[in-house]
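Text of the file protein_37.txt, holding compact mmCIF, C-alpha atoms and all ligand atoms:
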# COMPACT_ATOMS: atom_id res chain seq x y z
CA MET R 3 -18.54 9.06 -10.34
CA LYS R 4 -17.47 7.07 -7.30
CA ILE R 5 -14.71 4.57 -6.74
CA TYR R 6 -15.23 1.59 -4.45
CA ASP R 7 -11.82 1.17 -2.98
CA GLY R 8 -10.04 -1.44 -0.90
CA GLY R 9 -7.39 0.25 1.21
CA ARG R 10 -3.90 -1.07 0.60
CA ALA R 11 -4.88 -4.14 -1.40
CA PRO R 12 -2.83 -4.11 -4.59
CA ASN R 13 -5.49 -3.60 -7.26
CA PRO R 14 -7.15 -0.69 -5.44
CA ARG R 15 -3.68 0.76 -4.92
CA ARG R 16 -3.04 0.69 -8.68
CA VAL R 17 -6.03 2.98 -9.24
CA GLN R 18 -5.07 5.20 -6.29
CA ILE R 19 -1.63 5.74 -7.86
CA PHE R 20 -3.11 6.26 -11.32
CA LEU R 21 -5.43 8.98 -9.98
CA LYS R 22 -2.54 10.74 -8.24
CA GLU R 23 -0.44 10.60 -11.41
CA LYS R 24 -3.36 12.23 -13.23
CA GLY R 25 -3.83 14.78 -10.45
CA ILE R 26 -7.53 14.01 -10.10
CA GLU R 27 -9.72 13.22 -7.13
CA ILE R 28 -12.81 11.04 -7.21
CA GLU R 29 -15.22 10.35 -4.38
CA ALA R 30 -14.11 7.08 -2.78
CA GLN R 31 -15.74 4.58 -0.45
CA GLN R 32 -13.40 2.22 1.36
CA LEU R 33 -14.63 -1.36 1.63
CA ASP R 34 -13.16 -3.55 4.36
CA LEU R 35 -12.27 -6.75 2.52
CA ASN R 36 -11.55 -8.70 5.70
CA ALA R 37 -15.07 -7.85 6.90
CA HIS R 38 -16.35 -9.03 3.47
CA GLU R 39 -17.98 -5.65 2.82
CA HIS R 40 -17.37 -6.17 -0.91
CA ARG R 41 -19.50 -9.32 -0.70
CA SER R 42 -22.55 -7.64 0.87
CA SER R 43 -25.78 -7.89 -1.14
CA GLU R 44 -25.60 -4.13 -1.79
CA MET R 45 -22.12 -4.43 -3.30
CA LEU R 46 -22.85 -7.67 -5.17
CA ALA R 47 -25.76 -5.90 -6.86
CA LYS R 48 -23.22 -3.41 -8.19
CA ASN R 49 -20.35 -5.80 -8.92
CA PRO R 50 -21.34 -9.49 -8.85
CA LEU R 51 -17.68 -10.49 -9.21
CA ALA R 52 -17.06 -9.17 -5.68
CA THR R 53 -13.76 -7.51 -6.50
CA VAL R 54 -12.36 -4.10 -5.79
CA PRO R 55 -11.73 -1.61 -7.15
CA PHE R 56 -14.82 -0.75 -9.16
CA LEU R 57 -16.02 2.55 -10.50
CA GLU R 58 -19.68 3.55 -10.43
CA LEU R 59 -20.72 6.20 -12.91
CA ASP R 60 -23.46 8.74 -12.22
CA ASP R 61 -25.96 6.75 -14.33
CA GLY R 62 -25.25 3.61 -12.26
CA THR R 63 -22.97 1.90 -14.79
CA VAL R 64 -20.24 -0.06 -13.05
CA ILE R 65 -16.74 -0.56 -14.44
CA SER R 66 -14.63 -3.16 -12.69
CA GLU R 67 -11.17 -4.47 -13.66
CA THR R 68 -8.35 -2.14 -12.72
CA LEU R 69 -7.08 -1.63 -16.25
CA ALA R 70 -10.57 -0.92 -17.61
CA ILE R 71 -11.06 1.70 -14.90
CA CYS R 72 -7.68 3.28 -15.66
CA ARG R 73 -8.35 3.24 -19.39
CA TYR R 74 -11.70 4.99 -18.89
CA LEU R 75 -10.03 7.64 -16.73
CA GLU R 76 -7.31 8.06 -19.35
CA GLU R 77 -10.00 8.88 -21.92
CA LEU R 78 -11.59 11.43 -19.61
CA TYR R 79 -8.28 12.92 -18.46
CA PRO R 80 -5.75 12.34 -21.27
CA GLN R 81 -2.85 14.16 -19.61
CA PRO R 82 -0.37 13.08 -18.50
CA ASN R 83 -0.57 10.19 -20.92
CA LEU R 84 -0.19 6.81 -19.19
CA PHE R 85 -1.36 4.35 -21.87
CA GLY R 86 0.93 5.38 -24.75
CA ALA R 87 0.78 8.33 -27.12
CA SER R 88 1.58 6.62 -30.43
CA PRO R 89 0.41 3.31 -31.95
CA LEU R 90 3.70 1.69 -30.96
CA GLU R 91 3.69 3.09 -27.40
CA ARG R 92 0.10 1.94 -26.95
CA ALA R 93 0.98 -1.55 -28.19
CA MET R 94 4.03 -1.76 -25.92
CA THR R 95 2.04 -0.56 -22.93
CA GLU R 96 -0.67 -3.12 -23.63
CA MET R 97 1.87 -5.89 -24.17
CA TRP R 98 3.69 -5.19 -20.93
CA SER R 99 0.51 -4.63 -18.95
CA ARG R 100 -0.73 -8.07 -19.97
CA ARG R 101 2.67 -9.68 -19.41
CA ILE R 102 2.95 -8.17 -15.95
CA GLU R 103 -0.62 -8.94 -14.88
CA PHE R 104 -0.55 -12.59 -15.98
CA GLY R 105 3.13 -13.44 -15.56
CA PHE R 106 4.05 -11.48 -12.46
CA PHE R 107 1.21 -9.79 -10.57
CA LEU R 108 -0.91 -12.95 -10.43
CA ARG R 109 2.08 -14.98 -9.22
CA VAL R 110 2.54 -12.64 -6.29
CA ALA R 111 -1.20 -12.53 -5.60
CA HIS R 112 -1.37 -16.36 -5.51
CA SER R 113 1.68 -16.46 -3.22
CA PHE R 114 -0.06 -14.14 -0.76
CA ARG R 115 -3.43 -15.80 -0.99
CA HIS R 116 -2.07 -19.31 -0.46
CA LEU R 117 0.67 -18.65 2.08
CA HIS R 118 -0.33 -15.75 4.31
CA PRO R 119 -2.61 -16.82 7.18
CA ALA R 120 -4.51 -13.52 6.96
CA ALA R 121 -5.52 -14.31 3.38
CA GLU R 122 -7.57 -17.34 4.36
CA ILE R 123 -10.54 -15.12 5.08
CA LEU R 124 -10.66 -14.20 1.38
CA GLU R 125 -9.28 -17.33 -0.26
CA GLY R 126 -10.89 -20.09 1.81
CA GLU R 127 -8.84 -23.28 1.38
CA GLN R 128 -5.18 -22.41 0.94
CA ILE R 129 -2.83 -24.65 -1.04
CA ALA R 130 0.67 -24.01 0.25
CA ASP R 131 2.39 -25.91 -2.61
CA TRP R 132 0.67 -23.66 -5.14
CA GLY R 133 1.73 -20.63 -3.11
CA ARG R 134 5.36 -21.76 -3.07
CA LYS R 135 5.33 -22.56 -6.78
CA ASN R 136 4.07 -19.03 -7.47
CA GLN R 137 6.74 -17.50 -5.21
CA LYS R 138 9.37 -19.24 -7.32
CA LEU R 139 7.83 -18.11 -10.62
CA ALA R 140 7.55 -14.52 -9.35
CA VAL R 141 11.26 -14.45 -8.44
CA GLU R 142 12.17 -15.95 -11.82
CA TYR R 143 10.22 -13.16 -13.54
CA LEU R 144 12.56 -10.56 -12.06
CA ASP R 145 15.17 -11.48 -14.66
CA ILE R 146 12.74 -10.61 -17.47
CA LEU R 147 12.16 -7.21 -15.87
CA ASP R 148 15.87 -6.58 -15.38
CA GLN R 149 16.53 -7.48 -19.00
CA GLN R 150 13.84 -5.09 -20.25
CA LEU R 151 15.07 -2.29 -17.97
CA ALA R 152 18.66 -2.75 -19.16
CA SER R 153 17.71 -0.97 -22.38
CA HIS R 154 14.59 0.99 -21.40
CA ALA R 155 14.08 3.61 -18.71
CA PHE R 156 10.62 2.28 -17.88
CA ILE R 157 8.74 -1.00 -18.27
CA ALA R 158 6.99 -0.22 -21.56
CA GLY R 159 9.73 2.00 -22.99
CA ALA R 160 11.06 5.50 -22.55
CA ARG R 161 8.19 6.93 -20.50
CA PHE R 162 6.42 6.13 -17.25
CA SER R 163 3.14 4.30 -17.93
CA VAL R 164 0.37 2.29 -16.34
CA ALA R 165 2.62 -0.79 -16.77
CA ASP R 166 5.08 0.75 -14.29
CA ILE R 167 2.25 1.21 -11.80
CA THR R 168 1.26 -2.46 -12.00
CA THR R 169 4.87 -3.57 -11.68
CA ILE R 170 5.82 -1.41 -8.70
CA VAL R 171 2.63 -2.33 -6.83
CA THR R 172 3.46 -5.99 -7.43
CA ILE R 173 6.99 -5.58 -6.05
CA GLN R 174 5.71 -3.60 -3.07
CA PHE R 175 3.43 -6.55 -2.36
CA PHE R 176 6.37 -8.96 -2.03
CA LYS R 177 6.45 -8.66 1.76
CA PRO R 178 2.89 -9.86 2.46
CA ALA R 179 3.45 -12.51 -0.23
CA ARG R 180 6.55 -13.60 1.69
CA ILE R 181 8.83 -13.12 -1.30
CA GLN R 182 12.26 -11.56 -1.01
CA LEU R 183 14.03 -9.55 -3.65
CA PRO R 184 17.38 -11.31 -4.17
CA GLU R 185 20.13 -9.43 -2.32
CA GLU R 186 22.43 -9.26 -5.33
CA GLY R 187 22.14 -8.72 -9.07
CA LEU R 188 19.23 -7.16 -10.95
CA PRO R 189 20.98 -3.76 -11.24
CA HIS R 190 18.57 -2.31 -13.79
CA LEU R 191 15.52 -3.39 -11.86
CA ARG R 192 16.96 -1.84 -8.67
CA ARG R 193 17.62 1.47 -10.47
CA TRP R 194 14.02 1.45 -11.73
CA ILE R 195 12.59 0.55 -8.26
CA ASP R 196 14.44 3.51 -6.71
CA THR R 197 13.28 5.91 -9.43
CA VAL R 198 9.65 4.85 -9.46
CA SER R 199 9.29 4.49 -5.68
CA ALA R 200 10.35 8.13 -5.29
CA ARG R 201 7.42 9.46 -7.34
CA PRO R 202 4.98 11.50 -5.19
CA SER R 203 2.10 9.27 -6.35
CA MET R 204 3.61 6.33 -4.44
CA GLU R 205 2.97 7.89 -1.04
CA LEU R 206 0.56 5.76 1.00
CA THR R 207 -2.54 7.79 1.83
CA VAL R 208 -5.08 5.15 2.83
N1 LIG F 301 -8.78 -8.58 -12.22
C1 LIG F 301 -9.28 -7.71 -11.19
C2 LIG F 301 -8.86 -8.28 -9.86
C3 LIG F 301 -9.43 -7.51 -8.67
C4 LIG F 301 -9.14 -8.22 -7.37
O1 LIG F 301 -8.97 -9.45 -7.31
N2 LIG F 301 -9.08 -7.44 -6.30
C5 LIG F 301 -8.86 -8.02 -5.00
C6 LIG F 301 -8.13 -7.01 -4.11
S1 LIG F 301 -6.49 -6.72 -4.71
C7 LIG F 301 -10.19 -8.35 -4.39
O2 LIG F 301 -11.14 -7.64 -4.62
N3 LIG F 301 -10.29 -9.42 -3.62
C8 LIG F 301 -11.51 -9.72 -2.97
C9 LIG F 301 -11.71 -11.18 -2.68
O3 LIG F 301 -10.85 -11.99 -3.01
O4 LIG F 301 -12.77 -11.50 -2.14
C10 LIG F 301 -8.75 -6.28 -11.39
O5 LIG F 301 -7.83 -6.11 -12.20
O6 LIG F 301 -9.27 -5.32 -10.81

So, in terms of structure tokens, how does the structure I just supplied come out?
Ligand SMILES: N[C@@H](CCC(=O)N[C@@H](CS)C(=O)NCC(=O)O)C(=O)O
Amino acid sequence: MKIYDGGRAPNPRRVQIFLKEKGIEIEAQQLDLNAHEHRSSEMLAKNPLATVPFLELDDGTVISETLAICRYLEELYPQPNLFGASPLERAMTEMWSRRIEFGFFLRVAHSFRHLHPAAEILEGEQIADWGRKNQKLAVEYLDILDQQLASHAFIAGARFSVADITTIVTIQFFKPARIQLPEEGLPHLRRWIDTVSARPSMELTV
């Protein structure tokens, strides 16, 4: 099994953190996105969508999509549980994972890709208005997170889960996306950021 990784780009980082939380190591090959290594004919033959991360199994099967990769690894290495241990926990984790990916992560990704000059190499034509609109929507989403964290220790409930990984990676990507966390308010979100950022799995190693 081998992971095709992408340095500090946010989706690759989600899998890096997930692996550390699980305490497992997988052979990894770093692809330089800015050099378009993920778009080489060799890589397109493996993953025609030209995204990282993707996981290649020993029989050549390729799994792309961060959550699909994490879910597969969860099945192979069930402990510690990161996708929910009961029907309700699993539903909550799924609900929040989807909410965060579509309502928050993608907003921050669009902000970066349409506003940061270094993203042009990946995005091509950048539409600054779309970037700014997404910045605004990302900041608005913080209230939803604060509200959820007012009555729950973690994003999907009482325990740390894959939804926390997606959320913290998104917030850590604010800087390149040129988004600022408001200086005041959001007390529950701030408590959660401090707690989750201190986990050993958050250490940058690539
Ligand atoms: N939905 C995919 C998105 C993967 C994705 O877009 N990854 C970015 C890096 S964070 C990428 O590969 N970008 C390459 C490009 O835009 O050419 C997932 O969840 O893994």

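Picture a line from atom CA of R:Trp194 to atom CA of R:Gln149; it runs 11.8 Å.
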
Compare R:Asp148, R:Glu127, R:Asp166, R:Glu39 by their minimum atom-to-atom distance to ligand LIG 301 (chain F), counting all atoms listed in the file, and give me the closest one.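 Selected residue with least distance to ligand LIG 301 (chain F): R:Glu39.
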
Please, what is the axis-aligned box for every listed atom of ligand LIG 301 (chain F) with 5 Å on each side, as centre and edge lengths in Å to one decimal, as JSON?
{"center_x": -9.6, "center_y": -8.7, "center_z": -7.2, "size_x": 16.3, "size_y": 16.7, "size_z": 20.1}

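Closest approach to R:Lys138 from the set R:Ser153, R:Arg161, R:Thr169, R:Ala179 is made by R:Ala179, with distances taken over all atoms listed in the file.
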
Write out as CSV a residue-level contact list of stretch 43-74 of chain R versus stretch 89-96 of chain R with cut-off 12 Å: for each qualifying residue the closest pair of atoms and the distance in Å to one decimal, counting only C-alpha atoms, rows sorted by chain and residue number upward.
residue,atom,partner,partner_atom,distance
R:Leu69,CA,R:Glu96,CA,9.9
R:Ala70,CA,R:Glu96,CA,11.8
R:Arg73,CA,R:Glu96,CA,10.8

Identify, counting all atoms listed in the file, the protein, DNA and RNA residues located within 6 Å of ligand LIG 301 (chain F), and give them as an MDAnalysis selection string. chainID R and resid 11:13 53:55 67:68 124

Of the residues R:Ala87, R:Cys72, R:Leu147, R:Leu117, which is the one nearest to R:Val164, using all atoms listed in the file?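 Distance minimum relative to R:Val164 lands on R:Cys72.
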
Using only C-alpha atoms, find the one residue out of R:Ser88, R:Asn83, R:Thr63, R:Thr172 that sits nearest to R:Phe106.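 Under the stated criterion, the closest residue is R:Thr172.
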
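Proximity ranking of R:Gln174, R:Asn49, R:Gln182, R:Thr168 relative to R:Arg100 places R:Thr168 first, based on only C-alpha atoms.
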
One number please: atom CA of R:Leu183 to atom CA of R:Tyr143, in Å, one decimal.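 About the pair atom CA of R:Leu183 and atom CA of R:Tyr143: they are 11.2 Å apart.
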
So that I can see what lies close to stretch 17-27 of chain R, please list as number ranges by chain the residues with an atom at most 12 Å from it, counting all atoms listed in the file and leaving out residues fewer than 5 positions away in the same chain. R: 3-12, 32, 54-57, 66-85, 162-171, 198-199, 201-208

In Å, with one decimal, what is the gap from atom CA of R:Ala30 to atom CA of R:Glu44?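 About the pair atom CA of R:Ala30 and atom CA of R:Glu44: they are 16.1 Å apart.
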
For each of R:Pro50, R:Gly159, R:Ala121, R:Phe175, take the minimum atom-to-atom distance to R:Arg15, counting only C-alpha atoms, then give the residue where this is smallest.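 Looking at the shortest contact to R:Arg15, the residue is R:Phe175.
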